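Asks: Provided herewith: structure10.txt, compact mmCIF, C-alpha atoms.
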```
# COMPACT_ATOMS: atom_id res chain seq x y z
CA SER A 27 -114.06 33.28 114.27
CA LEU A 28 -116.22 36.15 115.47
CA LEU A 29 -114.77 35.92 118.98
CA GLN A 30 -111.19 36.27 117.67
CA GLU A 31 -112.20 39.20 115.50
CA MET A 32 -113.89 40.92 118.46
CA ALA A 33 -110.79 40.31 120.63
CA PHE A 34 -108.58 41.74 117.88
CA MET A 35 -110.83 44.82 117.54
CA ALA A 36 -110.75 45.37 121.32
CA MET A 37 -106.95 45.07 121.35
CA ARG A 38 -106.63 47.47 118.43
CA LYS A 39 -108.92 50.00 120.14
CA ASN A 40 -106.83 49.72 123.33
CA LEU A 41 -103.57 50.22 121.36
CA ASP A 42 -105.02 53.21 119.49
CA GLU A 43 -106.18 54.72 122.79
CA ARG A 44 -102.74 54.19 124.35
CA ALA A 45 -101.05 55.76 121.31
CA ARG A 46 -103.48 58.70 121.45
CA LYS A 47 -102.78 59.19 125.16
CA LYS A 48 -99.00 58.97 124.64
CA GLU A 49 -99.12 61.65 121.92
CA LEU A 50 -101.41 63.87 124.02
CA ASP A 51 -98.93 63.52 126.91
CA ALA A 52 -96.12 64.69 124.59
CA ILE A 53 -98.18 67.57 123.18
CA PHE A 54 -99.21 68.73 126.65
CA ALA A 55 -95.61 68.50 127.93
CA LYS A 56 -94.48 70.64 125.00
CA PHE A 57 -96.79 73.48 126.12
CA ASP A 58 -96.30 72.92 129.88
CA ARG A 59 -93.04 74.86 129.69
CA ASN A 60 -92.38 75.05 133.44
CA GLN A 61 -93.67 71.51 134.14
CA ASN A 62 -96.30 72.68 136.64
CA GLY A 63 -99.05 70.52 135.14
CA LYS A 64 -100.64 73.47 133.31
CA MET A 65 -100.27 75.11 129.91
CA PHE A 66 -101.22 78.60 128.75
CA ILE A 67 -103.93 78.62 126.09
CA ARG A 68 -102.16 81.58 124.41
CA ASP A 69 -99.10 79.34 123.74
CA PHE A 70 -101.31 76.70 122.11
CA MET A 71 -103.22 79.30 120.04
CA SER A 72 -99.97 80.99 118.99
CA GLU A 73 -98.53 77.66 117.79
CA MET A 74 -101.73 76.92 115.83
CA GLU A 75 -101.59 80.35 114.16
CA ASP A 76 -97.86 79.88 113.39
CA GLN A 77 -98.85 76.75 111.47
CA GLY A 78 -101.46 78.66 109.49
CA HIS A 79 -104.53 77.34 111.32
CA GLU A 80 -107.24 79.85 111.96
CA VAL A 81 -108.28 79.75 115.61
CA SER A 82 -111.98 80.60 115.49
CA GLU A 83 -113.88 82.48 118.19
CA THR A 84 -115.65 79.19 118.97
CA GLU A 85 -112.32 77.46 119.64
CA VAL A 86 -111.11 80.38 121.77
CA ARG A 87 -114.36 80.25 123.76
CA LYS A 88 -114.02 76.48 124.31
CA LEU A 89 -110.46 76.93 125.55
CA ARG A 90 -111.36 79.85 127.84
CA GLN A 91 -114.27 77.94 129.39
CA LEU A 92 -111.88 75.14 130.36
CA ALA A 93 -109.05 77.42 131.53
CA ASP A 94 -108.46 78.86 134.98
CA SER A 95 -108.40 82.60 135.73
CA ASP A 96 -104.74 82.77 134.60
CA GLY A 97 -105.63 81.39 131.15
CA GLN A 98 -104.08 78.01 131.86
CA LEU A 99 -105.38 74.51 131.17
CA THR A 100 -104.78 71.43 133.30
CA ARG A 101 -104.01 68.15 131.55
CA ALA A 102 -107.60 66.96 132.15
CA ALA A 103 -109.02 70.19 130.69
CA PHE A 104 -106.71 69.89 127.66
CA ASP A 105 -107.88 66.28 127.11
CA SER A 106 -111.49 67.42 127.30
CA TYR A 107 -110.82 70.19 124.78
CA CYS A 108 -109.03 67.83 122.37
CA LEU A 109 -111.87 65.31 122.39
CA HIS A 110 -114.42 67.91 121.22
CA SER A 111 -112.36 70.25 119.05
CA ALA A 112 -112.68 70.48 115.29
CA LEU A 113 -109.40 72.44 115.21
CA PHE A 114 -107.54 69.72 117.12
CA ALA A 115 -109.07 66.99 114.94
CA SER A 116 -107.92 68.90 111.83
CA LEU A 117 -104.29 68.57 113.00
CA ASP A 118 -104.39 64.82 112.25
CA LYS A 119 -102.61 65.27 108.91
CA ASN A 120 -102.17 61.57 108.11
CA GLY A 121 -105.75 60.67 109.06
CA ASP A 122 -104.82 57.86 111.45
CA GLY A 123 -107.14 59.15 114.19
CA ILE A 124 -104.22 60.16 116.39
CA VAL A 125 -102.80 63.69 116.53
CA SER A 126 -99.06 63.23 117.00
CA GLN A 127 -96.56 65.65 118.49
CA ALA A 128 -94.96 66.01 115.05
CA GLU A 129 -98.32 67.09 113.61
CA VAL A 130 -98.50 69.88 116.23
CA THR A 131 -94.94 71.05 115.65
CA SER A 132 -94.48 74.01 113.32
CA LYS A 133 -91.71 74.24 110.72
CA HIS A 134 -90.21 77.07 112.81
CA GLU A 135 -90.00 74.85 115.85
CA MET A 136 -88.51 71.94 113.89
CA ALA A 137 -85.84 74.30 112.51
CA PHE A 138 -85.15 75.70 115.99
CA ASN A 139 -84.81 72.20 117.46
CA ALA A 140 -82.44 71.17 114.65
CA LEU A 141 -80.21 74.21 115.28
CA ASP A 142 -80.26 73.89 119.07
CA LYS A 143 -77.60 71.18 118.98
CA ASN A 144 -77.28 70.71 122.76
CA HIS A 145 -81.08 70.91 123.27
CA ASP A 146 -80.87 73.50 126.04
CA GLY A 147 -83.74 75.55 124.58
CA PHE A 148 -81.46 78.22 123.10
CA ILE A 149 -79.41 78.81 119.97
CA SER A 150 -76.05 79.92 121.31
CA ARG A 151 -73.61 82.25 119.58
CA ALA A 152 -71.52 79.15 118.62
CA GLU A 153 -74.57 77.27 117.26
CA PHE A 154 -75.65 80.37 115.33
CA SER A 155 -72.12 80.90 113.92
CA LYS A 156 -72.02 77.32 112.56
CA LEU A 157 -75.34 77.98 110.85
CA THR A 158 -74.14 81.19 109.22
CA LYS A 159 -70.64 80.29 108.00
CA ASN A 160 -70.96 82.78 105.13
CA LEU A 161 -71.57 85.69 107.54
CA SER A 162 -68.66 87.60 109.05
CA ARG A 163 -68.30 87.65 112.84
CA ASP A 164 -69.51 91.29 112.80
CA LYS A 165 -72.67 90.34 110.89
CA VAL A 166 -73.34 87.43 113.27
CA GLU A 167 -72.98 89.84 116.21
CA ALA A 168 -75.27 92.37 114.50
CA VAL A 169 -77.99 89.78 113.87
CA LEU A 170 -77.74 88.45 117.42
CA ALA A 171 -77.83 91.98 118.83
CA LYS A 172 -80.93 92.79 116.79
CA PHE A 173 -82.96 89.68 117.70
CA ASP A 174 -81.60 88.79 121.16
CA SER A 175 -84.21 90.95 122.89
CA ASP A 176 -83.26 89.96 126.45
CA GLY A 177 -79.52 90.45 125.79
CA ASP A 178 -78.44 87.05 127.13
CA GLY A 179 -76.19 86.36 124.10
CA LYS A 180 -78.38 83.56 122.71
CA LEU A 181 -81.71 83.17 120.94
CA ASP A 182 -84.70 81.51 122.60
CA TYR A 183 -87.56 80.15 120.51
CA GLU A 184 -89.56 83.41 120.45
CA GLU A 185 -86.48 85.43 119.40
CA PHE A 186 -85.70 82.84 116.71
CA LYS A 187 -89.29 83.07 115.40
CA ASN A 188 -88.90 86.85 115.15
CA LEU A 189 -85.69 86.36 113.15
CA ILE A 190 -87.35 83.86 110.76
CA GLN A 191 -90.48 85.96 110.29
CA LYS A 192 -88.41 89.09 109.67
CA LYS A 193 -86.51 87.24 106.91
CA LYS A 194 -89.76 86.20 105.21
CA LYS A 195 -91.12 89.73 104.98
```
Show how you would write the structure in this file as structure tokens.

Replies:
Amino acid sequence: SLLQEMAFMAMRKNLDERARKKELDAIFAKFDRNQNGKMFIRDFMSEMEDQGHEVSETEVRKLRQLADSDGQLTRAAFDSYCLHSALFASLDKNGDGIVSQAEVTSKHEMAFNALDKNHDGFISRAEFSKLTKNLSRDKVEAVLAKFDSDGDGKLDYEEFKNLIQKKKK
């Protein structure tokens, strides 16, 4: 019946909206690195560029208009941006109408997360050594020394990205 079909459509729309909100929550949390309810637009733009998306001047302008004086977006501002952004819509790789966290995660970040076995946000000397079994201890130390820019004996995501990008060149 028409009534059942309308009820089904309303339920489906509600489920899609809940799924969209859940994924947006996850995406926002990924960029809200210090969990203060805000994310830097430069982190979002950097991630988009890492994935090969061109961030147009129009997109940058939209983001800046919504950001505070520190270049940060609140969750509400991020939602507003996502609703009206061609760039964000283009991230929906499987065309299901929902941009998932996986669709916003670069290959670099997936690799980093796979290597960060204890999920502490760093690749430790031990985690790095397991990855590079064919490298001598001296070579492991040399690579770490070269890319561990803050000297803490482990690689954070930015240092890891520098290592990966250096290898590609």

Asks: With all atoms listed in the file as the basis for distance, which of A:Gln30, A:Ser111, A:Ser116, A:Thr100 is at the shortest distance from Val86 of chain A?

Replies: A:Ser111

Asks: Please, what distance in Å, to one decimal, runs between atom CA of Gly123 of chain A and atom CA of Phe104 of chain A?

Replies: 17.2 Å

Asks: Would you please work out which residue, of A:Glu153, A:Ser72, A:Glu49, A:Leu89, is nearest to Ala128 of chain A when using all atoms listed in the file?

Replies: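 Answer, going by the shortest atom-to-atom distance: A:Glu49.
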
Asks: Taking all atoms listed in the file into account, name the residue in A:Glu85, A:Glu43, A:Asp178, A:Glu129 that is nearest to His110 of chain A.

Replies: A:Glu85

Asks: Rank nothing, just name the residue among A:Met136, A:Arg151, A:Lys143, A:Phe66 nearest to Ser95 of chain A, using all atoms listed in the file.

Replies: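 Looking only at the distances to Ser95 of chain A, the closest residue turns out to be A:Phe66.
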
Asks: Select, from A:Asn62, A:Ser82, A:Asn188, A:Asn160, the residue with the minimum atom-to-atom distance to Gln98 of chain A, counting all atoms listed in the file.

Replies: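 The closest residue to Gln98 of chain A is A:Asn62.
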
Asks: What lies within 12 Å of Lys88 of chain A using only C-alpha atoms, ignoring chain neighbours under 2 positions off, as a list of chain:residue names?

Replies: A:Ile67, A:Met71, A:Val81, A:Ser82, A:Glu83, A:Thr84, A:Glu85, A:Val86, A:Arg90, A:Gln91, A:Leu92, A:Ala93, A:Gly97, A:Leu99, A:Ala103, A:Phe104, A:Ser106, A:Tyr107, A:Cys108, A:Leu109, A:His110, A:Ser111, A:Ala112, A:Leu113, A:Phe114

Asks: What's the separation between atom CA of Arg87 of chain A and atom CA of Phe57 of chain A, in Å to one decimal place?

Replies: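 Distance reported for this atom pair: 19.0 Å.
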
Asks: Taking all atoms of segment 136-155 of chain A that appear in the file, build a box with edges along x, y and z, extend it by 6 Å on every side, and state its centre and edge lengths in Å to one decimal, as AutoDock Vina command-line options.

Replies:
```
--center_x -80.0 --center_y 76.5 --center_z 119.3 --size_x 29.0 --size_y 23.5 --size_z 25.5
```
